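Undergrad: Have a look at this one.
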Amino acid sequence: MKLKIQKEEIQSALQSVQGIVDKKTTMPILSHFLLKVKKTASLMATDLDIALKGPLKAEILDKGSLCIPAKKLFEIAREVDGEIMLESQDNNWIKVSSGKSTFKLMGLPEDEFPSLPEVSKAEEVTIKAEALKKMIEKTIYATGESDTRYTLNGLLMHFIPKKKNIELKVVGTDGHRLSVITTKIEGQVSEEKKLILPKKAALELKKLTEGREDNIIIYIDKNHLFFSTDDIVLTSRLIEGTYPNYEQVVPKDNEKEVVVDKLSLLKALRRTSIMSKERTNAVRFDLEDGKITLISMNPDIGEAREEIAAQYKGEQLSIGYNARYLMDILQAMDGEQVIIRLQEPLSPTLLGETDNKDYTCVVMPMRT
């Protein structure tokens, strides 16, 4: 195997697999990517749950294949100048040369690389890359982090067949907050499907959609989802189990409405949360006609108080929140204003964008 690659090409390709290769694995092969060189060159990486396969633009001088340490070759590519020559040698070694720099890396044979699941094309849907990226960005912050309720450690992709198209809802929740966004997509599914995409896969998918204006084709299988664009295929195993009934969580009768400038609220939360207890991040909202007063208290340090203008008419109401949760929601929102719908001090609060009914966030208040 021998090929010549531009520095930018290999750097970009290796950057795309850094989040997938498993650096702390007990299986050395999972810290490697497989480079296959035939008429064209391609690379593959996997951690057994997620896999990425994509083309590599190169001048091919000799065919072959080898598993190469992903992190080390990426570090080399980042530091050298000019084009890079890769040349396989005896006993799975690979010579990497650029200008007057030469490196030798110990690789592993192709037959040690895990086989990837075949793309199942039985059911497929199509979505704009930009739309998919936005759906992930607006929901991923709400997913669980190593939650013992393992179904919460991923995004729910809920496909609902309609007469002319498919409704896709993407949902994230950790039990304290929930985020759901809806869009219409093209394609065919035989029935309603609720599939849980692991958080790591969702983050890699967000990277894949970055800056793209084309479509992503999603192939749906019983245990996997395949995301395909431009000869790149991202494969993800699904999380098994039943996702909570998110529709029951979204309150239907929150009658008290507050409209507030998003940036003003975000800045006020950042400032007042400085004085909140680190464990709870608790900030109290005192609502009255035309304004919200944000208050945080910490008996060991002191307190903070800030008043911001808001469109609100109704009875005075005090309600407490984890400021971190609200800030995550506000940072994911578009537009200049946010609408907050409330009921009782301890019942779920709805937040949304004033000009987008397809995006809804729910946060549970806390006692302050």
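As shown in the structure tokens, the chain order sets the letters A, B, ...; within each chain, residues go from 1, and ligands are also counted from 1 in the order they appear.
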Could you pull the residues within 7 Å of segment 210-222 of chain A, counting only C-alpha atoms, minus those fewer than 6 positions along the same chain, as a PyMOL selection string?

TA: chain A and resi 120-121+123-130+228-229

Undergrad: Please report as a tab-separated table every residue of segment 229-276 of chain A lying within 6 Å of segment 333-341 of chain A, along with the nearest atom pair and their distance in Å (one decimal), using only C-alpha atoms.

TA:
residue	atom	partner	partner_atom	distance
A:Asn254	CA	A:Arg341	CA	5.5
A:Lys256	CA	A:Arg341	CA	5.5
A:Glu257	CA	A:Arg341	CA	4.6
A:Val258	CA	A:Ile340	CA	5.0
A:Val259	CA	A:Ile339	CA	4.5
A:Val260	CA	A:Val338	CA	5.6
A:Asp261	CA	A:Gln337	CA	4.5
A:Lys262	CA	A:Gln337	CA	4.9

Undergrad: Residues within 12 Å of Lys7 of chain A, please, as a list in words. Count only C-alpha atoms; anything in the same chain fewer than 6 positions from it doesn't count.

TA: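 So, after excluding close chain neighbours, the residues are Ala13, Leu14, Gln15, Leu56, Lys57, Ala58, Leu73, Phe74, Glu75, Ile76, Ala77, Arg78, Glu79, Val80, Asp81, Gly82, Glu83, Ile84, Met85, Leu86, Val96, Ser97, Ser98 and Gly99 of chain A.
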
Undergrad: Determine, counting only C-alpha atoms, which protein, DNA and RNA residues have an atom within 6 Å of an atom of segment 51-54 of chain A; residues of the same chain fewer than 3 positions away are not included. Present the result as a PyMOL selection string.

TA: chain A and resi 42-46+231-235

Undergrad: Of the candidates A:Lys134, A:Arg284, A:Lys200, A:Lys71, which shows the shortest atom-to-atom distance to Met297 of chain A, using only C-alpha atoms?

TA: A:Arg284

Undergrad: Write out as a ChimeraX atom specification which residues come within 8 Å of Asp47 of chain A when counting only C-alpha atoms, dropping same-chain ones fewer than 6 positions away.

TA: /A:20-22,30

Undergrad: Based on the backbone DSSP call, show me all residues of segment 185-293 of chain A assigned strand (DSSP E), as number ranges by chain.

TA: A: 185-188, 193-198, 215-220, 224-229, 232-237, 256-261, 282-288, 291-293

Undergrad: How many Å lie between atom CA of Lys193 of chain A and atom CA of Ser236 of chain A, rounded to one decimal?

TA: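 So the two atoms, atom CA of Lys193 of chain A and atom CA of Ser236 of chain A, lie 16.1 Å apart.
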
Undergrad: Per residue of segment 224-303 of chain A within 10 Å of segment 356-366 of chain A, what are the shortest atom pair and its distance in Å to one decimal, counting only C-alpha atoms, with rows by chain and residue number, as a Markdown table?

TA:
| residue | atom | partner | partner_atom | distance |
| --- | --- | --- | --- | --- |
| A:Val249 | CA | A:Val362 | CA | 7.9 |
| A:Val250 | CA | A:Val362 | CA | 6.6 |
| A:Pro251 | CA | A:Val362 | CA | 8.3 |
| A:Thr280 | CA | A:Met366 | CA | 9.1 |
| A:Ala282 | CA | A:Met366 | CA | 7.7 |
| A:Val283 | CA | A:Met366 | CA | 9.2 |
| A:Arg284 | CA | A:Met366 | CA | 9.0 |

Undergrad: Just the selected residues (C-alpha atoms), exported as a compact mmCIF listing (two decimals), in the first residue's frame, please.

TA:
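For reference, out15.txt as written:
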# COMPACT_ATOMS: atom_id res chain seq x y z
CA VAL A 249 -45.00 15.47 30.28
CA VAL A 250 -45.88 18.51 28.14
CA PRO A 251 -48.51 20.50 30.09
CA THR A 280 -28.70 23.32 43.06
CA ALA A 282 -31.36 27.70 42.40
CA VAL A 283 -32.71 31.06 41.21
CA ARG A 284 -36.15 32.37 42.23

Undergrad: Interatomic distance between atom CA of Thr151 of chain A and atom CA of Gly172 of chain A?

TA: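 We find that atom CA of Thr151 of chain A and atom CA of Gly172 of chain A lie 10.2 Å from each other.
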
Undergrad: Could you pull the residues within 7 Å of segment 182-184 of chain A, counting only C-alpha atoms, minus those fewer than 6 positions along the same chain, as a PyMOL selection string?

TA: chain A and resi 165-170+358-359

Undergrad: For a quick check of understanding, using only C-alpha atoms, which of A:Asp286, A:Asp49, A:Asp253, A:Glu303 has the smallest distance to Tyr321 of chain A?

TA: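 The answer is A:Asp286, which sits nearest to Tyr321 of chain A.
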
Undergrad: Which polymer residues have any atom within 12 Å of an atom of Gln89 of chain A, counting only C-alpha atoms, with same-chain residues fewer than 5 positions away left out, as a CSV table (one decimal) with C-alpha atoms, in the first residue's frame?

TA:
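Listing of around.csv after writing:
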chain,number,residue,atom,x,y,z
A,1,MET,CA,0.0,0.0,0.0
A,2,LYS,CA,1.4,3.4,-1.0
A,64,GLY,CA,-3.5,-2.6,0.1
A,65,SER,CA,-5.0,-2.2,3.5
A,66,LEU,CA,-3.9,-1.6,7.1
A,94,ILE,CA,3.6,1.9,8.1
A,95,LYS,CA,6.0,4.6,7.1
A,96,VAL,CA,4.8,8.2,7.2
A,104,LYS,CA,7.2,4.7,11.5
A,105,LEU,CA,4.0,3.4,13.2
A,106,MET,CA,3.1,-0.1,14.2
A,107,GLY,CA,-0.3,-1.0,12.6
A,108,LEU,CA,-2.5,-4.1,12.8
A,109,PRO,CA,-3.8,-6.4,10.0

Undergrad: Let's see if you can do this: from backbone DSSP, list all helix (DSSP H, G or I) residues in segment 216-351 of chain A, as a list in words.

TA: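 Across segment 216-351 of chain A, those assigned helix (DSSP H, G or I) are Tyr246, Glu247, Gln248, Val249, Lys262, Leu263, Ser264, Leu265, Leu266, Lys267, Ala268, Leu269, Arg270, Arg271, Thr272, Ser273, Ile274, Met275, Ala323, Arg324, Tyr325, Leu326, Met327, Asp328, Ile329, Leu330, Gln331 and Ala332 of chain A.
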
Undergrad: Please save N, CA and C atoms of the selected residues as a short mmCIF file (atom, residue, chain, number, x, y, z; two decimals), in the first residue's frame.

TA:
data_model
loop_
_atom_site.label_atom_id
_atom_site.label_comp_id
_atom_site.auth_asym_id
_atom_site.auth_seq_id
_atom_site.Cartn_x
_atom_site.Cartn_y
_atom_site.Cartn_z
N TYR A 246 -43.17 11.03 26.43
CA TYR A 246 -42.84 12.46 26.54
C TYR A 246 -44.08 13.34 26.35
N GLU A 247 -45.05 12.86 25.58
CA GLU A 247 -46.23 13.70 25.31
C GLU A 247 -47.04 13.97 26.59
N GLN A 248 -46.97 13.03 27.55
CA GLN A 248 -47.69 13.22 28.82
C GLN A 248 -47.04 14.30 29.67
N VAL A 249 -45.75 14.53 29.45
CA VAL A 249 -45.00 15.47 30.28
C VAL A 249 -45.30 16.92 29.90
N LYS A 262 -34.92 37.37 25.24
CA LYS A 262 -34.11 36.17 25.52
C LYS A 262 -32.73 36.54 26.07
N LEU A 263 -32.06 37.48 25.42
CA LEU A 263 -30.70 37.82 25.83
C LEU A 263 -30.67 38.47 27.21
N SER A 264 -31.66 39.32 27.50
CA SER A 264 -31.73 39.97 28.82
C SER A 264 -31.91 38.91 29.92
N LEU A 265 -32.78 37.94 29.65
CA LEU A 265 -33.02 36.89 30.65
C LEU A 265 -31.78 36.02 30.84
N LEU A 266 -31.12 35.69 29.73
CA LEU A 266 -29.91 34.85 29.80
C LEU A 266 -28.82 35.55 30.62
N LYS A 267 -28.61 36.82 30.34
CA LYS A 267 -27.57 37.57 31.08
C LYS A 267 -27.91 37.70 32.55
N ALA A 268 -29.20 37.95 32.84
CA ALA A 268 -29.64 38.09 34.24
C ALA A 268 -29.46 36.76 34.99
N LEU A 269 -29.75 35.66 34.32
CA LEU A 269 -29.55 34.34 34.94
C LEU A 269 -28.08 34.07 35.22
N ARG A 270 -27.23 34.43 34.26
CA ARG A 270 -25.79 34.22 34.46
C ARG A 270 -25.30 34.99 35.67
N ARG A 271 -25.78 36.23 35.80
CA ARG A 271 -25.30 37.07 36.91
C ARG A 271 -25.85 36.59 38.25
N THR A 272 -27.16 36.34 38.31
CA THR A 272 -27.73 35.97 39.61
C THR A 272 -27.29 34.57 40.05
N SER A 273 -27.03 33.68 39.09
CA SER A 273 -26.63 32.32 39.47
C SER A 273 -25.23 32.27 40.09
N ILE A 274 -24.46 33.36 39.94
CA ILE A 274 -23.14 33.41 40.57
C ILE A 274 -23.26 33.19 42.08
N MET A 275 -24.35 33.70 42.66
CA MET A 275 -24.52 33.63 44.11
C MET A 275 -25.37 32.43 44.56
N ALA A 323 -30.95 27.31 37.49
CA ALA A 323 -30.56 28.32 36.49
C ALA A 323 -29.83 27.68 35.31
N ARG A 324 -29.05 26.63 35.58
CA ARG A 324 -28.31 25.96 34.52
C ARG A 324 -29.25 25.40 33.45
N TYR A 325 -30.36 24.81 33.91
CA TYR A 325 -31.34 24.23 32.98
C TYR A 325 -31.93 25.31 32.07
N LEU A 326 -32.29 26.45 32.68
CA LEU A 326 -32.88 27.53 31.89
C LEU A 326 -31.86 28.12 30.90
N MET A 327 -30.62 28.24 31.34
CA MET A 327 -29.59 28.80 30.45
C MET A 327 -29.34 27.88 29.26
N ASP A 328 -29.33 26.57 29.49
CA ASP A 328 -29.17 25.61 28.38
C ASP A 328 -30.28 25.78 27.35
N ILE A 329 -31.52 25.93 27.85
CA ILE A 329 -32.67 26.09 26.95
C ILE A 329 -32.54 27.38 26.15
N LEU A 330 -32.25 28.49 26.82
CA LEU A 330 -32.16 29.78 26.15
C LEU A 330 -31.06 29.80 25.10
N GLN A 331 -29.93 29.13 25.39
CA GLN A 331 -28.82 29.10 24.43
C GLN A 331 -29.17 28.30 23.18
N ALA A 332 -30.12 27.37 23.31
CA ALA A 332 -30.52 26.56 22.15
C ALA A 332 -31.60 27.23 21.32
#
